[in-house]
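S.K.: If it helps, the file is called data-v8.cif and holds mmCIF, C-alpha atoms:
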```cif
data_start
loop_
_atom_site.group_PDB
_atom_site.id
_atom_site.type_symbol
_atom_site.label_atom_id
_atom_site.label_comp_id
_atom_site.auth_asym_id
_atom_site.auth_seq_id
_atom_site.Cartn_x
_atom_site.Cartn_y
_atom_site.Cartn_z
ATOM 1 C CA MET A 199 70.669 -42.919 -57.569
ATOM 2 C CA ALA A 200 72.046 -39.503 -56.584
ATOM 3 C CA ASP A 201 70.604 -37.851 -53.498
ATOM 4 C CA ASN A 202 69.207 -34.960 -55.461
ATOM 5 C CA GLN A 203 67.344 -36.997 -58.096
ATOM 6 C CA LYS A 204 63.593 -37.030 -57.800
ATOM 7 C CA VAL A 205 61.988 -40.283 -56.719
ATOM 8 C CA TYR A 206 58.713 -40.884 -58.498
ATOM 9 C CA SER A 207 56.312 -42.813 -56.359
ATOM 10 C CA ASN A 208 52.609 -43.053 -55.708
ATOM 11 C CA LYS A 209 53.488 -42.808 -52.030
ATOM 12 C CA LYS A 210 53.371 -39.105 -51.179
ATOM 13 C CA ILE A 211 54.105 -37.370 -47.909
ATOM 14 C CA LEU A 212 53.719 -33.737 -46.908
ATOM 15 C CA LEU A 213 56.740 -32.608 -44.914
ATOM 16 C CA HIS A 214 56.219 -29.535 -42.779
ATOM 17 C CA ALA A 215 59.538 -27.684 -42.959
ATOM 18 C CA CYS A 216 60.398 -25.323 -40.149
ATOM 19 C CA CYS A 217 63.621 -24.290 -41.934
ATOM 20 C CA ALA A 218 66.046 -25.574 -44.548
ATOM 21 C CA ILE A 219 68.646 -26.639 -41.990
ATOM 22 C CA CYS A 220 66.184 -28.920 -40.202
ATOM 23 C CA SER A 221 64.564 -30.266 -43.374
ATOM 24 C CA ALA A 222 67.720 -31.130 -45.337
ATOM 25 C CA TYR A 223 68.195 -34.642 -43.984
ATOM 26 C CA PRO A 224 64.459 -35.429 -43.563
ATOM 27 C CA ILE A 225 63.867 -34.769 -47.277
ATOM 28 C CA SER A 226 66.721 -37.108 -48.156
ATOM 29 C CA ALA A 227 65.587 -39.791 -45.683
ATOM 30 C CA LEU A 228 61.969 -39.689 -46.867
ATOM 31 C CA LYS A 229 63.067 -39.982 -50.498
ATOM 32 C CA ASP A 230 65.199 -42.975 -49.511
ATOM 33 C CA MET A 231 62.048 -44.520 -47.995
ATOM 34 C CA GLY A 232 60.407 -44.250 -51.415
ATOM 35 C CA TYR A 233 58.254 -41.190 -50.805
ATOM 36 C CA THR A 234 57.553 -38.393 -53.202
ATOM 37 C CA VAL A 235 58.214 -35.532 -50.796
ATOM 38 C CA ILE A 236 56.177 -32.354 -50.975
ATOM 39 C CA VAL A 237 57.524 -29.685 -48.656
ATOM 40 C CA TYR A 238 55.150 -27.317 -46.889
ATOM 41 C CA PHE A 239 56.720 -24.149 -45.501
ATOM 42 C CA TYR A 240 54.224 -22.732 -43.018
ATOM 43 C CA ASN A 241 55.830 -20.705 -40.251
ATOM 44 C CA PRO A 242 53.828 -17.658 -39.111
ATOM 45 C CA ASN A 243 55.841 -17.677 -35.886
ATOM 46 C CA ILE A 244 59.025 -16.425 -37.529
ATOM 47 C CA TYR A 245 59.973 -12.901 -36.508
ATOM 48 C CA PRO A 246 60.784 -10.473 -38.030
ATOM 49 C CA SER A 247 59.618 -10.754 -41.626
ATOM 50 C CA SER A 248 63.204 -10.269 -42.866
ATOM 51 C CA GLU A 249 64.143 -13.442 -40.951
ATOM 52 C CA TYR A 250 61.178 -15.229 -42.510
ATOM 53 C CA GLN A 251 62.397 -14.231 -45.988
ATOM 54 C CA LYS A 252 65.929 -15.527 -45.293
ATOM 55 C CA ARG A 253 64.575 -18.877 -44.121
ATOM 56 C CA LEU A 254 62.191 -19.116 -47.052
ATOM 57 C CA ALA A 255 65.003 -18.381 -49.544
ATOM 58 C CA ALA A 256 67.097 -21.159 -47.979
ATOM 59 C CA GLN A 257 64.135 -23.552 -48.166
ATOM 60 C CA LYS A 258 63.669 -22.740 -51.864
ATOM 61 C CA LYS A 259 67.350 -23.424 -52.498
ATOM 62 C CA LEU A 260 67.119 -26.788 -50.699
ATOM 63 C CA CYS A 261 63.963 -27.862 -52.550
ATOM 64 C CA ASP A 262 65.579 -26.907 -55.849
ATOM 65 C CA TYR A 263 68.571 -29.064 -54.925
ATOM 66 C CA TYR A 264 66.361 -32.062 -54.099
ATOM 67 C CA ASN A 265 64.018 -31.322 -57.001
ATOM 68 C CA CYS A 266 60.968 -31.542 -54.772
ATOM 69 C CA GLU A 267 57.842 -29.463 -54.769
ATOM 70 C CA LEU A 268 57.648 -26.597 -52.290
ATOM 71 C CA ILE A 269 54.313 -25.204 -51.147
ATOM 72 C CA ILE A 270 54.561 -21.903 -49.318
ATOM 73 C CA GLY A 271 51.878 -21.276 -46.743
ATOM 74 C CA ASP A 272 50.659 -17.798 -45.935
ATOM 75 C CA TYR A 273 52.875 -15.706 -43.703
ATOM 76 C CA GLU A 274 50.329 -14.650 -41.095
ATOM 77 C CA PRO A 275 52.038 -13.589 -37.845
ATOM 78 C CA GLU A 276 48.751 -12.350 -36.345
ATOM 79 C CA THR A 277 47.359 -15.889 -36.561
ATOM 80 C CA TYR A 278 50.370 -17.092 -34.572
ATOM 81 C CA TYR A 279 50.086 -14.305 -31.958
ATOM 82 C CA ASN A 280 46.380 -15.001 -31.499
ATOM 83 C CA PHE A 281 47.027 -18.740 -31.177
ATOM 84 C CA VAL A 282 49.677 -18.306 -28.457
ATOM 85 C CA LYS A 283 47.883 -15.455 -26.658
ATOM 86 C CA GLY A 284 48.337 -15.907 -22.928
ATOM 87 C CA TYR A 285 51.469 -18.024 -23.401
ATOM 88 C CA GLU A 286 53.879 -15.228 -24.329
ATOM 89 C CA THR A 287 55.886 -15.444 -21.084
ATOM 90 C CA GLU A 288 56.222 -19.228 -21.142
ATOM 91 C CA PRO A 289 59.833 -20.436 -21.248
ATOM 92 C CA GLU A 290 61.350 -22.058 -24.318
ATOM 93 C CA LYS A 291 60.215 -25.691 -24.586
ATOM 94 C CA GLY A 292 57.069 -24.799 -22.634
ATOM 95 C CA SER A 293 53.383 -24.503 -23.467
ATOM 96 C CA ARG A 294 53.874 -21.671 -25.979
ATOM 97 C CA CYS A 295 56.071 -23.947 -28.088
ATOM 98 C CA ASP A 296 53.467 -26.722 -27.887
ATOM 99 C CA LYS A 297 50.809 -24.276 -29.113
ATOM 100 C CA CYS A 298 53.103 -23.168 -31.937
ATOM 101 C CA PHE A 299 53.673 -26.793 -33.000
ATOM 102 C CA GLU A 300 49.932 -27.413 -32.822
ATOM 103 C CA LEU A 301 49.144 -24.452 -35.074
ATOM 104 C CA ARG A 302 51.695 -25.408 -37.707
ATOM 105 C CA LEU A 303 50.785 -29.098 -37.704
ATOM 106 C CA LYS A 304 47.043 -28.310 -37.909
ATOM 107 C CA LYS A 305 47.733 -26.227 -41.011
ATOM 108 C CA THR A 306 49.940 -28.992 -42.405
ATOM 109 C CA ALA A 307 47.209 -31.582 -41.876
ATOM 110 C CA ALA A 308 44.648 -29.311 -43.532
ATOM 111 C CA LYS A 309 46.996 -28.807 -46.496
ATOM 112 C CA ALA A 310 47.623 -32.562 -46.773
ATOM 113 C CA LYS A 311 43.879 -33.219 -46.721
ATOM 114 C CA SER A 312 43.238 -30.595 -49.420
ATOM 115 C CA LEU A 313 45.949 -32.164 -51.605
ATOM 116 C CA GLY A 314 44.680 -35.705 -51.083
ATOM 117 C CA ILE A 315 47.901 -36.730 -49.297
ATOM 118 C CA GLU A 316 47.280 -39.220 -46.503
ATOM 119 C CA GLU A 317 50.569 -38.831 -44.611
ATOM 120 C CA PHE A 318 52.393 -35.888 -43.102
ATOM 121 C CA THR A 319 55.316 -35.272 -40.782
ATOM 122 C CA THR A 320 57.547 -32.413 -39.661
ATOM 123 C CA SER A 321 61.219 -31.559 -39.771
ATOM 124 C CA ILE A 322 61.000 -29.875 -36.354
ATOM 125 C CA VAL A 323 61.670 -33.245 -34.688
ATOM 126 C CA ILE A 324 65.288 -33.302 -35.913
ATOM 127 C CA SER A 325 66.271 -30.527 -33.527
ATOM 128 C CA PRO A 326 67.840 -31.722 -30.288
ATOM 129 C CA HIS A 327 66.200 -28.668 -28.685
ATOM 130 C CA LYS A 328 62.675 -29.966 -29.370
ATOM 131 C CA ASN A 329 60.726 -32.690 -27.599
ATOM 132 C CA TYR A 330 60.242 -35.555 -30.059
ATOM 133 C CA GLU A 331 57.637 -37.334 -27.928
ATOM 134 C CA LYS A 332 55.540 -34.177 -27.470
ATOM 135 C CA LEU A 333 55.688 -33.334 -31.182
ATOM 136 C CA THR A 334 54.701 -36.901 -32.048
ATOM 137 C CA GLU A 335 51.742 -36.757 -29.662
ATOM 138 C CA ILE A 336 50.553 -33.455 -31.141
ATOM 139 C CA GLY A 337 50.991 -34.738 -34.710
ATOM 140 C CA GLN A 338 49.195 -38.004 -34.043
ATOM 141 C CA ASN A 339 46.264 -36.275 -32.312
ATOM 142 C CA ILE A 340 45.844 -33.897 -35.247
ATOM 143 C CA ALA A 341 46.129 -36.769 -37.736
ATOM 144 C CA THR A 342 43.426 -38.737 -35.919
ATOM 145 C CA LEU A 343 41.057 -35.752 -36.001
ATOM 146 C CA ASN A 344 41.661 -35.396 -39.762
ATOM 147 C CA ASP A 345 41.608 -39.088 -40.711
ATOM 148 C CA LEU A 346 45.274 -38.887 -41.763
ATOM 149 C CA ASN A 347 48.500 -40.608 -40.776
ATOM 150 C CA TYR A 348 51.185 -38.696 -38.919
ATOM 151 C CA LYS A 349 54.460 -40.393 -39.814
ATOM 152 C CA ALA A 350 56.426 -40.362 -36.562
ATOM 153 C CA ILE A 351 60.071 -40.507 -37.583
ATOM 154 C CA ASN A 352 62.839 -39.590 -35.208
ATOM 155 C CA PHE A 353 65.139 -38.007 -37.777
ATOM 156 C CA ARG A 354 67.768 -37.491 -35.037
ATOM 157 C CA LYS A 355 68.581 -41.199 -35.000
ATOM 158 C CA LYS A 356 71.526 -42.540 -36.986
ATOM 159 C CA ASP A 357 73.300 -39.160 -36.774
ATOM 160 C CA GLY A 358 70.414 -37.335 -38.457
ATOM 161 C CA PHE A 359 71.227 -33.999 -36.858
ATOM 162 C CA LEU A 360 74.869 -34.307 -37.966
ATOM 163 C CA LYS A 361 73.742 -35.300 -41.481
ATOM 164 C CA THR A 362 71.341 -32.357 -41.785
ATOM 165 C CA ASN A 363 74.076 -29.964 -40.703
ATOM 166 C CA THR A 364 76.536 -31.489 -43.174
ATOM 167 C CA ILE A 365 74.071 -31.119 -46.061
ATOM 168 C CA SER A 366 73.309 -27.546 -44.986
ATOM 169 C CA LYS A 367 76.991 -26.615 -44.885
ATOM 170 C CA GLU A 368 77.634 -28.211 -48.286
ATOM 171 C CA LEU A 369 74.793 -26.175 -49.788
ATOM 172 C CA ASN A 370 75.779 -23.051 -47.837
ATOM 173 C CA LEU A 371 72.247 -22.659 -46.470
ATOM 174 C CA TYR A 372 71.314 -19.752 -44.228
ATOM 175 C CA ARG A 373 71.837 -20.716 -40.576
ATOM 176 C CA GLN A 374 69.606 -19.047 -38.010
ATOM 177 C CA ASN A 375 70.507 -18.690 -34.335
ATOM 178 C CA TYR A 376 67.065 -18.912 -32.692
ATOM 179 C CA CYS A 377 63.919 -20.965 -33.218
ATOM 180 C CA GLY A 378 62.030 -18.199 -34.942
ATOM 181 C CA CYS A 379 59.574 -16.408 -32.698
ATOM 182 C CA LYS A 380 60.248 -13.036 -31.125
ATOM 183 C CA PHE A 381 59.853 -14.555 -27.674
ATOM 184 C CA ALA A 382 62.913 -16.770 -28.271
ATOM 185 C CA ILE A 383 65.306 -14.008 -29.324
ATOM 186 C CA LYS A 384 68.051 -13.687 -26.741
ATOM 187 C CA THR A 385 68.772 -10.086 -25.821
ATOM 188 C CA ASP A 386 71.904 -10.656 -23.772
#
```
Show me, as structure tokens, the structure contained in the file I just sent.

M.R.:
Amino acid sequence: MADNQKVYSNKKILLHACCAICSAYPISALKDMGYTVIVYFYNPNIYPSSEYQKRLAAQKKLCDYYNCELIIGDYEPETYYNFVKGYETEPEKGSRCDKCFELRLKKTAAKAKSLGIEEFTTSIVISPHKNYEKLTEIGQNIATLNDLNYKAINFRKKDGFLKTNTISKELNLYRQNYCGCKFAIKTD
């Protein structure tokens, strides 16, 4: 079966996608595991809105390629700023990032619950710049509170990061140069 053909299965998973680059290989891997993948793009942290639109357009292109459903969450930067209030000066990979992951995974869990999907995961874990163990802990805690299953998959294994970059280059997907929030933009 070709990579981009839709797998029909009763086994559904909601994949939180932080961006197309990071979600390219996870979509493929989850389909190979027999899941019907539904992608949830919820990223109120992305700044500015023009950057958000570029990342969303790339995500749409990727989901079209894989023929999988894309659900677009509300773009609500004020929700993000309120959630990370007091953490603005934290360094990258610090507590602000943990709060950001928590917000996005809480919304993902709520969306999964509303759709009747019992499992969710995130593409954020593919990035070598993110803490897999911390993301897994946050996801599992949220899943427990919502009577769901957080599927902890280290998409980096077996050259996952290389594979996601290869897919992204083949599809000519937009490539960002920072995680997304205004606090992470390098000014030097």

S.K.: Evaluated on this file, the PyMOL selection byres ((chain A and resi 236-250) around 7) picks out some residues - which ones are they, written as a PyMOL selection string?

M.R.: chain A and resi 211-216+234-235+251-254+266-275+278+302+378-380

S.K.: For Ile365 in chain A, list every protein, DNA or RNA residue within 10 Å, evaluated using all atoms listed in the file, and leave out those in the same chain fewer than 2 positions away; present the list as a ChimeraX atom specification.

M.R.: /A:218-219,221-223,226,260,360-363,367-371

S.K.: Would you write out, as number ranges by chain, every residue that the PyMOL selection byres ((chain A and resi 314) around 12) captures in this file?

M.R.: A: 208-212, 236, 307-313, 315-318, 344-346

S.K.: By how many Å are CA of Asn375 in chain A and CA of Cys298 in chain A apart?

M.R.: 18.1 Å

S.K.: Could you pull out every residue with an atom within 7 Å of (53.3, -38.6, -38.2), file coordinates, counting all atoms listed in the file, and send them as number ranges by chain?

M.R.: A: 317-319, 334, 337-338, 347-350
